[in-house]
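*Asks:* So here's query.txt (compact mmCIF, C-alpha atoms and all ligand atoms).
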# COMPACT_ATOMS: atom_id res chain seq x y z
CA MET A 70 -37.77 32.47 6.23
CA THR A 71 -38.94 32.67 2.64
CA ASP A 72 -42.26 31.34 1.46
CA ILE A 73 -40.89 28.08 0.10
CA GLN A 74 -38.85 27.54 3.23
CA GLU A 75 -41.85 28.10 5.45
CA ARG A 76 -44.04 25.73 3.46
CA LEU A 77 -41.52 22.92 3.45
CA ALA A 78 -39.93 23.19 6.89
CA THR A 79 -40.58 20.14 9.05
CA GLY A 80 -38.49 20.76 12.13
CA LYS A 81 -37.01 17.29 11.62
CA GLY A 82 -33.72 16.70 13.31
CA LYS A 83 -30.49 15.35 11.91
CA PHE A 84 -30.24 12.00 10.11
CA THR A 85 -26.59 11.09 10.69
CA PRO A 86 -27.06 10.21 14.41
CA ARG A 87 -29.49 7.47 13.31
CA TYR A 88 -26.49 5.64 11.88
CA PRO A 89 -23.94 5.80 14.72
CA GLU A 90 -21.76 3.17 13.01
CA LEU A 91 -20.82 5.82 10.44
CA GLY A 92 -19.57 8.34 12.99
CA THR A 93 -19.47 12.09 12.44
CA GLY A 94 -15.74 12.73 12.15
CA PRO A 95 -13.75 14.10 9.25
CA VAL A 96 -13.13 11.81 6.27
CA SER A 97 -10.27 11.12 3.91
CA TYR A 98 -10.57 11.27 0.14
CA GLU A 99 -7.52 9.10 -0.50
CA ASP A 100 -9.89 6.43 -1.82
CA SER A 101 -10.76 8.72 -4.74
CA ILE A 102 -7.24 9.64 -5.82
CA SER A 103 -5.15 6.55 -5.11
CA PRO A 104 -4.51 4.20 -8.07
CA GLU A 105 -4.29 1.28 -5.59
CA ALA A 106 -7.80 2.05 -4.33
CA PHE A 107 -9.04 2.05 -7.91
CA GLU A 108 -7.53 -1.38 -8.59
CA ALA A 109 -8.89 -2.76 -5.33
CA GLU A 110 -12.43 -1.50 -6.08
CA ARG A 111 -12.32 -2.94 -9.52
CA GLU A 112 -11.42 -6.38 -8.23
CA ALA A 113 -13.59 -6.36 -5.11
CA ILE A 114 -16.64 -4.57 -6.50
CA PHE A 115 -16.90 -4.28 -10.27
CA GLU A 116 -15.72 -7.80 -11.01
CA ARG A 117 -18.19 -9.36 -8.57
CA THR A 118 -21.23 -7.16 -7.96
CA TRP A 119 -24.44 -6.95 -9.97
CA LEU A 120 -24.09 -4.17 -12.55
CA TYR A 121 -26.93 -2.58 -14.47
CA VAL A 122 -26.42 -2.75 -18.23
CA GLY A 123 -29.74 -1.73 -19.81
CA ARG A 124 -33.50 -1.94 -19.81
CA SER A 125 -35.39 -5.12 -20.68
CA GLU A 126 -37.23 -3.20 -23.44
CA ARG A 127 -33.99 -3.33 -25.41
CA ILE A 128 -34.36 -7.10 -25.60
CA ALA A 129 -38.12 -7.30 -25.76
CA ARG A 130 -38.39 -10.33 -28.08
CA PRO A 131 -36.48 -13.59 -28.52
CA GLY A 132 -33.50 -12.87 -30.75
CA SER A 133 -33.10 -9.24 -29.72
CA TYR A 134 -29.72 -8.37 -28.30
CA PHE A 135 -27.37 -5.53 -27.43
CA THR A 136 -23.68 -5.38 -26.68
CA ARG A 137 -22.00 -3.44 -23.90
CA GLU A 138 -18.41 -2.27 -23.78
CA LEU A 139 -18.07 -1.88 -20.04
CA PRO A 140 -15.70 1.06 -19.55
CA GLY A 141 -12.10 0.70 -18.52
CA GLY A 142 -11.84 -2.64 -20.35
CA LEU A 143 -13.91 -4.27 -17.59
CA ALA A 144 -15.70 -6.52 -20.08
CA SER A 145 -17.17 -6.68 -23.54
CA ILE A 146 -20.45 -8.52 -23.35
CA VAL A 147 -23.49 -9.55 -25.35
CA VAL A 148 -26.92 -9.48 -23.70
CA ALA A 149 -29.65 -11.39 -25.55
CA ARG A 150 -33.19 -12.67 -25.18
CA ALA A 151 -33.21 -16.43 -25.77
CA VAL A 152 -36.01 -18.39 -27.42
CA ASP A 153 -37.32 -19.47 -24.01
CA GLY A 154 -37.64 -15.80 -22.96
CA SER A 155 -34.70 -15.89 -20.55
CA VAL A 156 -32.04 -13.19 -20.53
CA GLN A 157 -28.59 -14.46 -21.48
CA ALA A 158 -25.23 -12.74 -21.29
CA PHE A 159 -21.80 -13.81 -22.43
CA HIS A 160 -18.36 -12.41 -23.10
CA ASN A 161 -18.10 -11.24 -26.68
CA VAL A 162 -15.19 -13.46 -27.67
CA CYS A 163 -15.03 -16.32 -30.15
CA ALA A 164 -14.01 -19.81 -29.02
CA HIS A 165 -12.04 -20.33 -32.24
CA ARG A 166 -9.33 -17.68 -32.20
CA GLY A 167 -10.69 -15.03 -29.92
CA ASN A 168 -12.23 -12.58 -32.36
CA LYS A 169 -14.97 -10.29 -31.12
CA VAL A 170 -18.12 -11.95 -32.45
CA VAL A 171 -20.88 -9.33 -32.29
CA TRP A 172 -20.21 -5.88 -33.72
CA GLN A 173 -21.26 -3.81 -36.70
CA GLU A 174 -19.28 -0.96 -38.21
CA HIS A 175 -16.48 -0.68 -35.71
CA PRO A 176 -15.45 -3.28 -33.12
CA SER A 177 -15.16 -0.79 -30.25
CA GLU A 178 -18.71 0.51 -30.73
CA GLU A 179 -21.72 -1.00 -29.04
CA SER A 180 -24.41 -2.49 -31.26
CA SER A 181 -27.89 -3.94 -31.04
CA GLY A 182 -30.35 -5.75 -33.25
CA THR A 183 -32.29 -8.93 -33.75
CA CYS A 184 -31.02 -12.25 -35.06
CA ARG A 185 -31.40 -16.02 -34.76
CA GLN A 186 -27.73 -16.73 -34.39
CA PHE A 187 -24.51 -14.77 -34.05
CA GLN A 188 -21.87 -15.41 -36.66
CA CYS A 189 -18.21 -14.62 -36.16
CA LYS A 190 -16.93 -12.38 -38.95
CA TYR A 191 -13.53 -14.11 -39.01
CA HIS A 192 -14.20 -17.76 -39.97
CA GLY A 193 -17.96 -17.96 -39.73
CA TRP A 194 -18.48 -19.98 -36.52
CA ARG A 195 -22.08 -19.60 -35.39
CA TYR A 196 -23.50 -19.21 -31.89
CA GLY A 197 -27.00 -19.55 -30.46
CA LEU A 198 -28.75 -16.85 -28.46
CA ASP A 199 -27.36 -18.46 -25.30
CA GLY A 200 -23.76 -18.09 -26.55
CA GLN A 201 -23.37 -21.79 -27.31
CA VAL A 202 -21.52 -22.85 -30.50
CA VAL A 203 -24.08 -24.25 -32.94
CA HIS A 204 -22.05 -24.51 -36.14
CA ILE A 205 -18.38 -24.81 -36.99
CA THR A 206 -17.44 -24.17 -40.60
CA ASN A 207 -15.28 -26.92 -42.12
CA GLN A 208 -15.59 -28.84 -38.89
CA GLN A 209 -13.97 -31.94 -40.45
CA GLU A 210 -10.70 -30.00 -40.67
CA PHE A 211 -10.40 -29.81 -36.88
CA PHE A 212 -9.13 -32.40 -34.40
CA ASP A 213 -11.26 -33.86 -31.63
CA LEU A 214 -13.59 -30.87 -31.42
CA ASP A 215 -16.76 -31.22 -29.39
CA PRO A 216 -18.93 -28.18 -30.29
CA SER A 217 -21.24 -28.84 -27.35
CA LEU A 218 -18.36 -27.85 -25.04
CA LEU A 219 -17.64 -24.60 -26.85
CA ARG A 220 -19.30 -21.26 -26.25
CA MET A 221 -18.78 -17.56 -25.67
CA PRO A 222 -18.01 -17.57 -21.91
CA LYS A 223 -21.13 -17.18 -19.81
CA VAL A 224 -21.86 -14.08 -17.74
CA HIS A 225 -24.55 -14.23 -15.06
CA ALA A 226 -27.54 -12.08 -16.00
CA GLU A 227 -30.81 -11.40 -14.19
CA GLU A 228 -33.70 -8.98 -14.57
CA PHE A 229 -35.45 -6.98 -11.90
CA ALA A 230 -38.34 -4.57 -12.60
CA GLY A 231 -37.20 -4.47 -16.22
CA PHE A 232 -33.60 -3.60 -15.34
CA VAL A 233 -31.02 -6.04 -16.70
CA PHE A 234 -28.04 -6.69 -14.45
CA VAL A 235 -24.93 -8.76 -15.08
CA ASN A 236 -22.37 -10.13 -12.67
CA LEU A 237 -18.86 -11.08 -13.80
CA ALA A 238 -18.21 -13.41 -10.85
CA ASP A 239 -18.30 -17.19 -11.26
CA ASP A 240 -20.82 -17.79 -8.51
CA PRO A 241 -22.59 -14.59 -7.45
CA VAL A 242 -25.32 -14.23 -4.83
CA PRO A 243 -28.75 -13.97 -6.50
CA LEU A 244 -29.58 -10.45 -7.71
CA ARG A 245 -32.59 -10.18 -5.42
CA THR A 246 -30.47 -11.04 -2.39
CA HIS A 247 -28.06 -8.27 -3.35
CA LEU A 248 -30.88 -5.76 -3.78
CA GLY A 249 -32.67 -6.49 -0.50
CA ASP A 250 -36.26 -5.84 0.59
CA ARG A 251 -36.34 -2.06 0.30
CA ILE A 252 -35.08 -1.99 -3.30
CA LEU A 253 -37.33 -4.92 -4.24
CA GLU A 254 -40.27 -2.60 -3.56
CA LEU A 255 -39.39 -0.75 -6.77
CA GLU A 256 -41.03 -3.59 -8.65
CA ALA A 257 -44.40 -1.95 -7.93
CA TYR A 258 -43.52 1.07 -10.09
CA PRO A 259 -44.80 1.08 -13.72
CA PHE A 260 -41.37 1.40 -15.35
CA ASP A 261 -42.67 -0.67 -18.25
CA ARG A 262 -45.01 2.14 -19.32
CA MET A 263 -42.15 4.59 -19.76
CA THR A 264 -40.57 3.36 -22.93
CA GLN A 265 -39.69 6.72 -24.49
CA ARG A 266 -35.96 6.93 -23.80
CA TYR A 267 -33.55 9.84 -24.19
CA GLY A 268 -29.93 8.92 -23.50
CA PHE A 269 -26.79 10.93 -22.92
CA SER A 270 -23.28 9.83 -22.06
CA THR A 271 -19.95 11.52 -21.52
CA ARG A 272 -16.48 10.98 -20.09
CA ILE A 273 -15.60 12.88 -16.93
CA ASN A 274 -12.08 13.53 -15.71
CA GLY A 275 -12.66 12.68 -12.10
CA ASN A 276 -13.10 9.64 -9.87
CA TRP A 277 -16.49 7.90 -10.19
CA LYS A 278 -17.23 8.22 -6.47
CA LEU A 279 -16.80 11.99 -6.57
CA ALA A 280 -19.53 12.09 -9.19
CA ILE A 281 -21.89 10.16 -6.94
CA ASP A 282 -20.95 12.44 -4.03
CA SER A 283 -21.84 15.48 -6.13
CA VAL A 284 -25.45 14.46 -6.57
CA CYS A 285 -26.36 12.47 -3.47
CA GLU A 286 -26.39 15.61 -1.34
CA TRP A 287 -28.67 18.64 -1.62
CA TYR A 288 -26.33 21.15 -0.05
CA HIS A 289 -24.78 22.32 -3.33
CA PRO A 290 -27.74 23.38 -5.55
CA ALA A 291 -27.93 27.04 -4.53
CA TYR A 292 -24.25 27.39 -5.48
CA VAL A 293 -23.52 24.94 -8.30
CA HIS A 294 -26.87 25.56 -9.99
CA ALA A 295 -27.22 29.26 -9.22
CA ARG A 296 -27.55 29.91 -12.94
CA PHE A 297 -30.80 27.98 -12.91
CA ILE A 298 -32.09 29.29 -9.63
CA ASP A 299 -30.85 32.85 -9.31
CA LYS A 300 -27.53 34.30 -10.43
CA ASP A 301 -27.49 36.26 -7.20
CA ILE A 302 -26.41 33.53 -4.78
CA ALA A 303 -27.90 35.30 -1.78
CA LYS A 304 -31.25 35.06 -3.54
CA ALA A 305 -30.65 31.49 -4.75
CA GLU A 306 -30.03 30.42 -1.16
CA LYS A 307 -33.51 31.60 -0.29
CA LYS A 308 -35.16 29.80 -3.18
CA VAL A 309 -33.99 26.29 -2.37
CA PRO A 310 -35.94 24.09 0.07
CA PRO A 311 -34.86 24.18 3.72
CA VAL A 312 -32.43 21.50 4.87
CA ASP A 313 -35.01 19.80 7.07
CA SER A 314 -37.34 19.17 4.12
CA TYR A 315 -35.21 16.35 2.73
CA HIS A 316 -35.43 12.70 3.64
CA TYR A 317 -32.45 10.33 3.76
CA GLU A 318 -32.42 6.60 4.32
CA LEU A 319 -29.76 3.93 4.28
CA PHE A 320 -30.31 0.25 3.62
CA PRO A 321 -26.72 -0.86 3.17
CA PRO A 322 -25.19 -1.00 0.71
CA HIS A 323 -28.05 0.90 -0.99
CA MET A 324 -29.35 4.37 -0.15
CA LEU A 325 -32.16 6.86 -0.78
CA THR A 326 -32.63 10.60 -0.98
CA SER A 327 -36.17 11.89 -1.21
CA VAL A 328 -36.54 15.54 -2.10
CA PRO A 329 -39.16 18.26 -2.54
CA GLY A 330 -40.23 19.72 -5.86
CA PRO A 331 -42.53 22.49 -7.02
CA PRO A 332 -46.26 21.93 -6.48
CA PRO A 333 -48.12 20.67 -9.58
CA LEU A 334 -49.61 23.27 -11.91
CA PRO A 335 -53.35 23.37 -12.52
CA PRO A 336 -54.45 21.52 -15.67
CA ARG A 337 -54.50 23.73 -18.75
CA GLU A 338 -57.30 24.56 -21.12
CA PRO A 339 -56.81 22.52 -24.28
CA GLY A 340 -54.97 24.56 -26.93
CA THR A 341 -53.53 27.10 -24.49
CA ALA A 342 -50.20 27.39 -22.72
CA GLY A 343 -52.01 27.66 -19.41
CA PRO A 344 -52.06 30.50 -16.92
CA PRO A 345 -48.79 32.29 -16.20
CA VAL A 346 -47.09 31.08 -13.05
CA ARG A 347 -44.93 33.35 -10.95
CA ASP A 348 -41.17 32.74 -11.29
CA GLN A 349 -41.63 30.39 -14.23
CA LYS A 350 -39.19 30.99 -17.07
CA TRP A 351 -40.93 31.81 -20.37
CA VAL A 352 -39.60 28.72 -22.07
CA TYR A 353 -40.95 26.50 -19.29
CA ARG A 354 -44.32 28.18 -19.58
CA LEU A 355 -44.37 27.79 -23.34
CA PHE A 356 -43.48 24.11 -23.30
CA ARG A 357 -45.29 23.36 -20.05
CA ALA A 358 -42.21 21.61 -18.78
CA GLY A 359 -38.98 22.34 -16.97
CA LEU A 360 -36.29 20.84 -14.82
CA PHE A 361 -38.83 19.08 -12.62
CA GLY A 362 -40.65 17.41 -15.49
CA PRO A 363 -43.63 17.96 -17.74
CA ASP A 364 -46.47 19.98 -16.17
CA ASP A 365 -49.02 17.67 -17.76
CA VAL A 366 -48.45 14.51 -15.77
CA PRO A 367 -49.49 11.17 -17.29
CA ASP A 368 -52.06 9.19 -15.35
CA LEU A 369 -50.15 6.27 -13.88
CA GLY A 370 -52.70 5.37 -11.25
CA GLU A 371 -52.13 5.50 -7.51
CA PRO A 372 -48.40 5.93 -6.77
CA PRO A 373 -46.91 2.86 -5.05
CA GLY A 374 -46.68 3.18 -1.29
CA PHE A 375 -42.88 2.95 -1.15
CA LEU A 376 -42.49 6.44 -2.65
CA ASN A 377 -42.05 9.58 -0.54
CA ALA A 378 -41.34 7.63 2.64
CA GLY A 379 -40.43 10.88 4.40
CA GLU A 380 -43.88 12.36 3.64
CA ILE A 381 -42.49 15.53 2.09
CA ALA A 382 -45.24 18.12 1.61
CA TYR A 383 -44.42 18.83 -2.05
CA TRP A 384 -42.62 15.68 -3.03
CA GLY A 385 -40.35 15.97 -6.09
CA ASN A 386 -38.45 12.72 -6.50
CA ASP A 387 -37.00 9.65 -4.83
CA GLN A 388 -33.50 8.75 -5.88
CA PHE A 389 -32.57 5.15 -5.06
CA TRP A 390 -28.84 4.46 -5.06
CA LEU A 391 -28.20 0.87 -6.06
CA PHE A 392 -24.73 -0.18 -5.05
CA PRO A 393 -22.30 0.24 -6.64
CA ASN A 394 -22.88 2.57 -9.59
CA LEU A 395 -26.54 3.09 -10.48
CA SER A 396 -29.21 5.44 -9.31
CA VAL A 397 -32.86 5.29 -10.25
CA GLN A 398 -34.64 8.60 -9.76
CA ILE A 399 -38.43 8.40 -9.78
CA TRP A 400 -40.17 11.74 -10.27
CA GLN A 401 -43.55 12.84 -9.00
CA ARG A 402 -44.32 14.03 -12.53
CA GLY A 403 -44.47 10.55 -13.98
CA TYR A 404 -41.03 9.87 -15.44
CA TYR A 405 -37.78 8.40 -14.23
CA ILE A 406 -34.05 8.79 -14.83
CA THR A 407 -31.21 6.32 -14.48
CA TYR A 408 -27.67 7.52 -13.83
CA ALA A 409 -24.73 5.12 -14.13
CA TYR A 410 -21.08 5.78 -13.25
CA TRP A 411 -18.46 3.52 -14.84
CA PRO A 412 -14.89 3.92 -13.63
CA GLU A 413 -12.25 3.80 -16.36
CA SER A 414 -9.25 4.70 -14.25
CA VAL A 415 -8.67 6.40 -10.91
CA ASP A 416 -9.29 9.79 -12.49
CA SER A 417 -11.88 9.17 -15.19
CA HIS A 418 -15.27 7.61 -15.58
CA VAL A 419 -18.08 7.33 -18.07
CA TYR A 420 -21.33 8.95 -17.00
CA GLU A 421 -24.59 7.73 -18.51
CA ILE A 422 -27.93 9.47 -18.05
CA ASP A 423 -31.13 7.99 -19.47
CA LEU A 424 -34.54 9.62 -19.10
CA TYR A 425 -37.71 7.58 -19.59
CA PHE A 426 -41.20 8.90 -20.26
CA VAL A 427 -44.58 7.54 -21.31
CA PRO A 428 -44.42 7.81 -25.13
CA PRO A 429 -45.70 11.25 -26.20
CA SER A 430 -49.02 11.30 -28.02
CA ASN A 431 -48.44 14.59 -29.85
CA ALA A 432 -45.76 17.12 -30.74
CA ALA A 433 -46.41 19.30 -27.68
CA GLU A 434 -45.80 16.36 -25.33
CA ARG A 435 -42.67 15.43 -27.25
CA LEU A 436 -41.33 18.98 -26.99
CA ALA A 437 -42.12 19.06 -23.28
CA GLN A 438 -40.06 15.89 -22.83
CA GLU A 439 -37.22 17.31 -24.90
CA LEU A 440 -37.10 20.37 -22.65
CA VAL A 441 -36.96 18.19 -19.52
CA VAL A 442 -34.07 16.27 -21.09
CA ASP A 443 -32.29 19.43 -22.07
CA SER A 444 -32.55 21.06 -18.66
CA THR A 445 -31.64 17.82 -16.86
CA VAL A 446 -28.49 17.39 -18.95
CA GLU A 447 -27.55 21.04 -18.44
CA PHE A 448 -28.06 20.59 -14.69
CA ALA A 449 -25.94 17.43 -14.75
CA MET A 450 -23.17 19.19 -16.65
CA GLN A 451 -23.03 21.87 -13.96
CA ASP A 452 -22.46 19.06 -11.43
CA VAL A 453 -19.81 17.44 -13.61
CA ASN A 454 -17.87 20.62 -13.99
CA THR A 455 -17.44 20.67 -10.24
CA ILE A 456 -16.22 17.06 -10.11
CA GLU A 457 -13.31 17.82 -12.42
CA ALA A 458 -12.37 20.79 -10.25
CA THR A 459 -12.66 18.68 -7.08
CA HIS A 460 -10.59 15.79 -8.40
CA SER A 461 -7.77 18.01 -9.63
CA ALA A 462 -7.58 19.82 -6.28
CA LEU A 463 -7.80 16.64 -4.15
CA LYS A 464 -4.93 15.20 -6.14
CA THR A 465 -2.58 17.85 -4.76
CA ARG A 466 -3.06 16.23 -1.30
CA ARG A 467 -2.65 19.66 0.30
CA GLN A 468 -5.78 18.98 2.33
CA ARG A 469 -6.20 15.49 3.72
CA GLN A 470 -9.21 15.71 6.01
CA PHE A 471 -12.68 16.75 4.94
CA HIS A 472 -15.86 17.64 6.79
CA LEU A 473 -19.30 16.29 6.03
CA SER A 474 -22.55 17.88 7.18
CA ASP A 475 -25.73 16.02 7.99
CA GLN A 476 -26.92 16.72 4.44
CA GLU A 477 -23.91 14.74 3.23
CA LEU A 478 -24.86 11.57 5.08
CA LEU A 479 -24.97 9.53 1.89
CA ILE A 480 -21.39 10.47 1.03
CA ARG A 481 -20.23 9.23 4.41
CA ALA A 482 -22.22 6.04 3.92
CA PHE A 483 -21.27 5.39 0.31
CA HIS A 484 -17.51 5.62 0.85
CA THR A 485 -17.91 3.38 3.90
CA TYR A 486 -19.80 0.75 1.88
CA VAL A 487 -17.16 0.84 -0.84
CA ARG A 488 -14.42 0.43 1.75
CA GLN A 489 -16.28 -2.40 3.47
CA ALA A 490 -16.77 -4.23 0.17
CA VAL A 491 -13.05 -3.95 -0.59
CA GLU A 492 -12.08 -5.11 2.91
CA ALA A 493 -14.52 -8.03 2.81
CA HIS A 494 -13.13 -9.19 -0.52
CA GLN A 495 -9.54 -8.81 0.60
CA ALA A 496 -10.24 -10.80 3.76
CA VAL A 497 -11.55 -13.68 1.67
CA ALA A 498 -8.89 -13.41 -1.05
CA ALA A 499 -6.04 -13.25 1.46
CA PRO A 500 -7.13 -14.13 5.00
CA PRO A 501 -4.83 -12.55 7.59
CA GLY A 502 -2.01 -14.98 8.33
CA GLY A 503 -3.48 -17.50 5.89
CA ASP A 504 -2.25 -18.76 2.54
CA ARG A 505 -3.48 -17.00 -0.48
S1 LIG A 601 -12.11 -16.32 -34.59
FE1 LIG A 601 -14.24 -16.59 -34.69
S2 LIG A 601 -14.49 -18.05 -36.28
FE2 LIG A 601 -12.37 -17.78 -36.16
FE FE A 602 -26.45 19.14 -8.69
Show this structure as structure tokens.
Ligand code: FES
Ligand SMILES: [Fe+2]
*Replies:*
Amino acid sequence: MTDIQERLATGKGKFTPRYPELGTGPVSYEDSISPEAFEAEREAIFERTWLYVGRSERIARPGSYFTRELPGGLASIVVARAVDGSVQAFHNVCAHRGNKVVWQEHPSEESSGTCRQFQCKYHGWRYGLDGQVVHITNQQEFFDLDPSLLRMPKVHAEEFAGFVFVNLADDPVPLRTHLGDRILELEAYPFDRMTQRYGFSTRINGNWKLAIDSVCEWYHPAYVHARFIDKDIAKAEKKVPPVDSYHYELFPPHMLTSVPGPPPLPPREPGTAGPPVRDQKWVYRLFRAGLFGPDDVPDLGEPPGFLNAGEIAYWGNDQFWLFPNLSVQIWQRGYYITYAYWPESVDSHVYEIDLYFVPPSNAAERLAQELVVDSTVEFAMQDVNTIEATHSALKTRRQRQFHLSDQELLIRAFHTYVRQAVEAHQAVAAPPGGDR
């Protein structure tokens, strides 16, 4: 055993047997390559589950708004802060002749800003911050129009811990019911202090679930990320934490992985780069930051008790998977990352990564954050590369059964929760033997 493996080993047993309902048998990946599965997920999940669309800081004051073009033509929506402080969302479509109301340079691009009213660029109809029509130009020219009945169609929107969610269903369960007790604990984390955002987004030619699979297990890092760890894979294998150092938890349909990270560095003397640390790349030493975050950790007070539930000796991060397509990764070093996966078609999705830090107070802190962003995105791109290879090979259907280890518990669970959501919706939409 190597040093790191000795320090982190816990002797903990397997996690999968704690969830006997999931079984241990081989799994099929047909759900990730079949166009029918994609359509069924879209209807059963994306059209009726709470979906994260952005942070509350983006609509901090009454009149601030942003638009979202939800990928795959799922919806085009406006999210706004109303005068009464409530969050409002509505479909971005005019009640007059259907023009997109809120956009700037190009209608397919997202936009944001502050205003008192939205005005349609076509014939000038105006809308309040709640999407309600407030003025019709040349109203006397129309016939029997009642403006109080006209609006951009409402979308349910709710906030939780500064995360704005929307739900495209007519009558969804409340957001907090969907999240459940364990996720509600996240409210104790000071997300509102981390307002320095760095965002990155790309399109990936692979099914959205494969992307989630690629990062909710910690079996792959020595191989996929060998370039970061050690180009010699035999050495990389010895530098990653032992399998029993990780903590997994399921609270259906949500999930958690809790993982180790490097121990914190000693504080530095002001004006110096700090003492050299064994195995630290020169650039990490220079910037006092790396893949695991800035070495100079902001003081955020006592960490909330819900973190590091598995009591990992050198805790690195907790990654909460909020069904269906968001993860919130809270790092020991005082920052957090959101990852969102938006299916466009069976074989493509849009991947969004946003990193949030306490605003830097000087150039050195800013550069440290930039290096964390840079290495995180590079790490993520190594994962993505694999997804495209996986999807293209799965599509050949030359293998049909696949084998998941204990470290891949979340993959087993996630595909099960997706399948259950589809089956539950189909049972309601078309009860067996009943009329549709
Ligand atoms: S389509 Fe919006 S005012 Fe005519
Ligand atoms: Fe990875």
*Asks:* Can you tell me which residues sit at most 9 Å away from ligand LIG 601 (chain A), counting only C-alpha atoms and all ligand atoms, written as a count of residues only?
*Replies:* 19
*Asks:* Would you list the residues that come within 7 Å of ligand FE 602 (chain A)? Count only C-alpha atoms and all ligand atoms and give the answer as a ChimeraX atom specification.
*Replies:* /A:283-284,289-290,293-294,448-449,451-452
*Asks:* Write out as a PyMOL selection string which residues come within 8 Å of stretch 368-382 of chain A when counting all atoms listed in the file, dropping same-chain ones fewer than 3 positions away.
*Replies:* chain A and resi 76-77+254-255+257-259+314-316+327-329+386-387+403
*Asks:* Find the residues near A:Val487: any atom within 8 Å, counting only C-alpha atoms, skip ones fewer than 6 places away on the same chain, and give them as a PyMOL selection string.
*Replies:* chain A and resi 110+114+393
*Asks:* Would you compute the distance between atom CA of A:Ile273 and atom CA of A:His460? Give it in Å to one decimal.
*Replies:*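 Interatomic distance, atom CA of A:Ile273 to atom CA of A:His460: 10.3 Å.
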*Asks:* With all atoms listed in the file as the atoms that count, which of A:Glu90, A:Glu318, A:Asp100, A:Glu413 lies nearest to A:Leu463?
*Replies:*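 Among the listed residues, A:Asp100 lies closest to A:Leu463.
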*Asks:* Which residues of stretch 243-360 of chain A come within 7 Å of stretch 209-233 of chain A, and what is each one's closest atom pair and distance in Å (one decimal), counting all atoms listed in the file, sorted by chain and residue number, as a tab-separated table?
*Replies:*
residue	atom	partner	partner_atom	distance
A:Leu244	CA	A:Glu227	CA	6.7
A:Glu256	CA	A:Ala230	CA	4.9
A:Asp261	CA	A:Gly231	CA	7.0
*Asks:* What does the distance from atom CA of A:Ile302 to atom CA of A:Lys83 come to in Å, to one decimal?
*Replies:*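 Between atom CA of A:Ile302 and atom CA of A:Lys83 the gap works out to 25.0 Å.
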